[in-house]
>>> print(open('upload_4.csv').read())   # CSV, C-alpha atoms
chain,number,residue,atom,x,y,z
A,1,MET,CA,75.5,99.9,98.0
A,2,CYS,CA,77.7,97.2,96.4
A,3,ASP,CA,77.9,93.7,97.8
A,4,LEU,CA,81.2,93.0,96.0
A,5,ILE,CA,84.4,94.0,97.7
A,6,ALA,CA,87.6,94.9,95.9
A,7,ARG,CA,90.8,93.1,96.9
A,8,THR,CA,93.4,95.5,98.3
A,9,GLY,CA,97.1,95.2,99.3
A,10,ARG,CA,100.0,93.6,97.6
A,11,LEU,CA,100.8,90.6,99.8
A,12,GLN,CA,99.3,88.1,97.4
A,13,HIS,CA,100.6,89.6,94.2
A,14,ARG,CA,102.7,87.6,91.8
A,15,TYR,CA,106.2,88.6,90.7
A,16,GLU,CA,108.6,87.2,88.1
A,17,ASN,CA,112.2,88.3,87.5
A,18,GLY,CA,111.7,91.6,89.3
A,19,CYS,CA,108.4,92.4,87.5
A,20,ARG,CA,105.0,92.7,89.1
A,21,LEU,CA,102.5,90.6,87.1
A,22,VAL,CA,99.4,92.3,86.2
A,23,ALA,CA,96.2,91.1,84.5
A,24,GLY,CA,93.6,93.2,82.6
A,25,CYS,CA,91.2,93.4,79.8
A,26,ILE,CA,89.8,95.5,77.0
A,27,PRO,CA,86.0,95.3,77.5
A,28,PHE,CA,84.0,95.7,74.3
A,29,ARG,CA,80.6,95.6,72.8
A,30,TYR,CA,78.8,96.2,69.5
A,31,ARG,CA,76.6,99.2,68.8
A,32,ILE,CA,74.3,99.4,65.8
A,33,SER,CA,75.7,102.1,63.5
A,34,GLU,CA,73.3,105.0,62.7
A,35,GLU,CA,75.5,106.3,59.8
A,36,VAL,CA,74.3,105.6,56.2
A,37,GLY,CA,76.9,103.8,54.2
A,38,ASP,CA,78.8,102.6,57.2
A,39,ASP,CA,81.3,100.0,56.1
A,40,SER,CA,81.6,98.3,59.5
A,41,ASP,CA,80.7,94.6,60.0
A,42,CYS,CA,77.0,94.3,59.4
A,43,GLY,CA,76.4,97.9,60.4
A,44,LYS,CA,77.9,97.4,63.9
A,45,VAL,CA,80.5,99.6,65.5
A,46,VAL,CA,82.9,98.3,68.1
A,47,GLU,CA,83.0,100.2,71.3
A,48,VAL,CA,85.5,99.7,74.2
A,49,LEU,CA,84.9,100.5,77.8
A,50,MET,CA,87.4,102.7,79.6
A,51,ILE,CA,87.6,103.9,83.2
A,52,SER,CA,88.8,107.1,84.8
A,53,SER,CA,92.2,107.0,86.4
A,54,SER,CA,92.4,107.6,90.1
A,55,GLY,CA,95.8,109.2,89.6
A,56,GLY,CA,95.2,111.9,87.0
A,57,PRO,CA,93.8,112.7,83.6
A,58,GLY,CA,93.1,110.3,80.8
A,59,LEU,CA,91.3,107.0,80.6
A,60,LEU,CA,92.4,103.4,81.3
A,61,PHE,CA,91.4,99.8,80.7
A,62,PRO,CA,90.7,97.8,83.9
A,63,LYS,CA,93.9,96.0,85.2
A,64,GLY,CA,95.5,95.1,88.5
A,65,GLY,CA,97.7,92.7,90.3
A,66,TRP,CA,97.5,89.0,89.5
A,67,GLU,CA,97.3,87.3,92.9
A,68,ASN,CA,98.6,83.9,94.0
A,69,ASP,CA,95.2,82.2,94.5
A,70,GLU,CA,93.9,82.8,91.0
A,71,THR,CA,94.7,82.2,87.3
A,72,VAL,CA,95.6,85.1,85.1
A,73,ARG,CA,92.2,84.8,83.4
A,74,GLU,CA,90.4,85.0,86.8
A,75,ALA,CA,92.5,88.0,87.7
A,76,ALA,CA,91.5,89.8,84.4
A,77,ALA,CA,87.8,89.1,84.9
A,78,ARG,CA,88.0,90.2,88.6
A,79,GLU,CA,89.6,93.5,87.7
A,80,ALA,CA,86.8,94.1,85.1
A,81,VAL,CA,84.2,93.7,87.9
A,82,GLU,CA,86.1,95.6,90.5
A,83,GLU,CA,87.2,98.6,88.5
A,84,ALA,CA,84.6,98.8,85.6
A,85,GLY,CA,81.6,97.0,86.9
A,86,VAL,CA,81.2,94.7,83.9
A,87,ARG,CA,81.0,91.0,83.4
A,88,GLY,CA,81.2,89.0,80.2
A,89,ILE,CA,82.9,86.4,78.2
A,90,LEU,CA,86.7,86.6,78.6
A,91,LEU,CA,88.1,85.7,75.2
A,92,ASP,CA,91.7,85.6,73.9
A,93,LEU,CA,94.9,87.1,75.2
A,94,VAL,CA,95.6,90.1,73.0
A,95,GLY,CA,99.1,90.5,74.2
A,96,GLU,CA,101.6,91.0,77.0
A,97,TYR,CA,102.9,94.5,77.7
A,98,GLU,CA,105.7,95.7,79.9
A,99,PHE,CA,105.6,99.1,81.6
A,100,LYS,CA,107.0,101.0,84.5
A,101,SER,CA,104.7,102.0,87.3
A,102,LYS,CA,105.5,105.1,89.3
A,103,THR,CA,103.1,104.2,92.1
A,104,HIS,CA,103.8,100.5,92.5
A,105,GLN,CA,107.4,100.3,93.6
A,106,ASP,CA,108.0,97.9,96.5
A,107,GLU,CA,110.6,95.6,98.0
A,108,PHE,CA,109.9,92.9,95.4
A,109,CYS,CA,109.8,95.3,92.5
A,110,PRO,CA,111.9,98.3,93.5
A,111,GLU,CA,112.0,99.8,89.9
A,112,GLY,CA,108.3,99.5,89.5
A,113,LEU,CA,108.5,97.2,86.4
A,114,CYS,CA,105.3,95.5,85.5
A,115,LYS,CA,104.2,92.9,82.9
A,116,ALA,CA,100.5,93.0,81.9
A,117,ALA,CA,98.6,90.2,80.3
A,118,MET,CA,95.6,91.8,78.5
A,119,TYR,CA,92.5,90.0,77.3
A,120,ALA,CA,89.5,90.8,75.1
A,121,LEU,CA,86.3,90.8,77.2
A,122,TYR,CA,83.0,90.7,75.4
A,123,VAL,CA,80.7,92.5,77.8
A,124,LYS,CA,77.4,90.9,78.6
A,125,GLU,CA,76.4,92.7,81.8
A,126,GLU,CA,76.9,96.2,83.2
A,127,LEU,CA,76.5,96.2,87.0
A,128,ASP,CA,74.5,99.0,88.6
A,129,SER,CA,77.0,99.0,91.5
A,130,TRP,CA,80.6,97.8,91.7
A,131,PRO,CA,83.4,98.0,94.2
A,132,GLU,CA,85.3,101.0,92.8
A,133,GLN,CA,82.3,103.1,91.5
A,134,GLU,CA,83.0,105.9,94.0
A,135,THR,CA,86.5,106.5,92.6
A,136,ARG,CA,86.0,105.5,88.9
A,137,SER,CA,83.6,106.4,86.1
A,138,ARG,CA,83.2,104.3,83.0
A,139,THR,CA,82.8,105.5,79.4
A,140,TRP,CA,82.0,103.6,76.2
A,141,LEU,CA,84.2,104.9,73.3
A,142,THR,CA,84.8,104.1,69.6
A,143,ILE,CA,88.3,102.8,68.9
A,144,PRO,CA,89.6,106.2,67.6
A,145,GLU,CA,88.1,108.0,70.6
A,146,ALA,CA,89.8,105.4,73.0
A,147,VAL,CA,93.2,105.9,71.3
A,148,GLU,CA,92.8,109.7,71.7
A,149,ASN,CA,91.9,109.5,75.4
A,150,CYS,CA,94.1,106.6,76.5
A,151,ARG,CA,96.4,107.7,79.4
A,152,HIS,CA,99.3,105.3,78.9
A,153,ALA,CA,101.3,104.5,75.7
A,154,TRP,CA,101.4,100.8,76.6
A,155,MET,CA,97.6,100.7,76.7
A,156,LYS,CA,97.3,102.4,73.4
A,157,CYS,CA,99.6,99.7,72.0
A,158,ALA,CA,97.4,97.0,73.6
A,159,LEU,CA,94.4,98.5,71.9
A,160,GLU,CA,95.8,99.2,68.5
A,161,ASP,CA,98.4,96.4,68.1
A,162,GLY,CA,96.7,93.8,70.3
A,163,PHE,CA,92.9,94.2,70.4
A,164,CYS,CA,92.4,95.7,66.9
A,165,LYS,CA,94.5,93.0,65.2
A,166,TRP,CA,92.8,90.3,67.3
A,167,HIS,CA,89.4,91.7,66.4
A,168,GLN,CA,90.2,91.8,62.7
A,169,ASP,CA,91.4,88.2,62.8
A,170,LYS,CA,88.9,86.6,65.3
A,171,GLY,CA,86.6,89.1,66.9
A,172,HIS,CA,84.4,89.6,63.8
A,173,GLU,CA,83.3,85.9,64.3
A,174,LEU,CA,81.2,87.3,67.2
A,175,ILE,CA,79.1,89.4,64.8
A,176,GLN,CA,76.1,87.4,63.4
>>> encode(input="upload_4.csv", output="structure tokens")
Amino acid sequence: MCDLIARTGRLQHRYENGCRLVAGCIPFRYRISEEVGDDSDCGKVVEVLMISSSGGPGLLFPKGGWENDETVREAAAREAVEEAGVRGILLDLVGEYEFKSKTHQDEFCPEGLCKAAMYALYVKEELDSWPEQETRSRTWLTIPEAVENCRHAWMKCALEDGFCKWHQDKGHELIQ
């Protein structure tokens, strides 16, 4: 049983110019490569953590509504715990992405427009139990596997154009 409780409802969500503001992250870790001649940094391979979608096929990164009583960084870290059951070091913003949600249309956002702030999260702990474990599974994937299995185009963009470029510029500093 999980002692943590997921926040629910939309009464505390933030909106800006008709868009629902969302915070999320791309959780990642390093795995030692077993392949001979691997040209990755110091023989380490980057893996990202994706979660199952409660609304259909494909995998997602943890994300959800940014609420009035928290910073965007706090919201991103909270979503990682609630949806994926991971904690770590929340690093840089890898980008902001706009998308249209089919399921989150309401009086404040009738067209379902959303703007997501996505961060890199260096995972330090995987929880044995977490709030949404009954409805979501988690899977570690290489970058190419994640691109192939990603459900939403905007999340693929966040991975390829945001996270990968960030990791190339700054993330490699974590490898030592």
>>> residues_around(input="upload_4.csv", residues="range 156-164 of chain A", least_positions_apart="2", cutoff="8 Å", atoms="all atoms listed in the file", output="list in words")
Ile26, Val94, Gly95, Tyr97, Met118, Ala120, Val147, Cys150, His152, Ala153, Trp154, Trp166, His167 and Gln168 of chain A
>>> atom_distance(input="upload_4.csv", atom1="CA of Ala117 in chain A", atom2="CA of Leu93 in chain A")
7.0 Å
>>> closest_atom_pairs(input="upload_4.csv", of="range 41-63 of chain A", to="range 121-136 of chain A", cutoff="9 Å", atoms="all atoms listed in the file", output="tab-separated table")
residue	atom	partner	partner_atom	distance
A:Ile51	CA	A:Arg136	CA	6.1
A:Ser52	CA	A:Arg136	CA	5.2
A:Ser53	CA	A:Arg136	CA	6.9
A:Ser54	CA	A:Thr135	CA	6.5
>>> atom_distance(input="upload_4.csv", atom1="CA of Tyr30 in chain A", atom2="CA of Val46 in chain A")
4.8 Å
>>> closest_residue(input="upload_4.csv", among="A:Gly112, A:Pro57, A:Pro27, A:Gly64", to="Thr142 in chain A", atoms="all atoms listed in the file")
A:Pro27
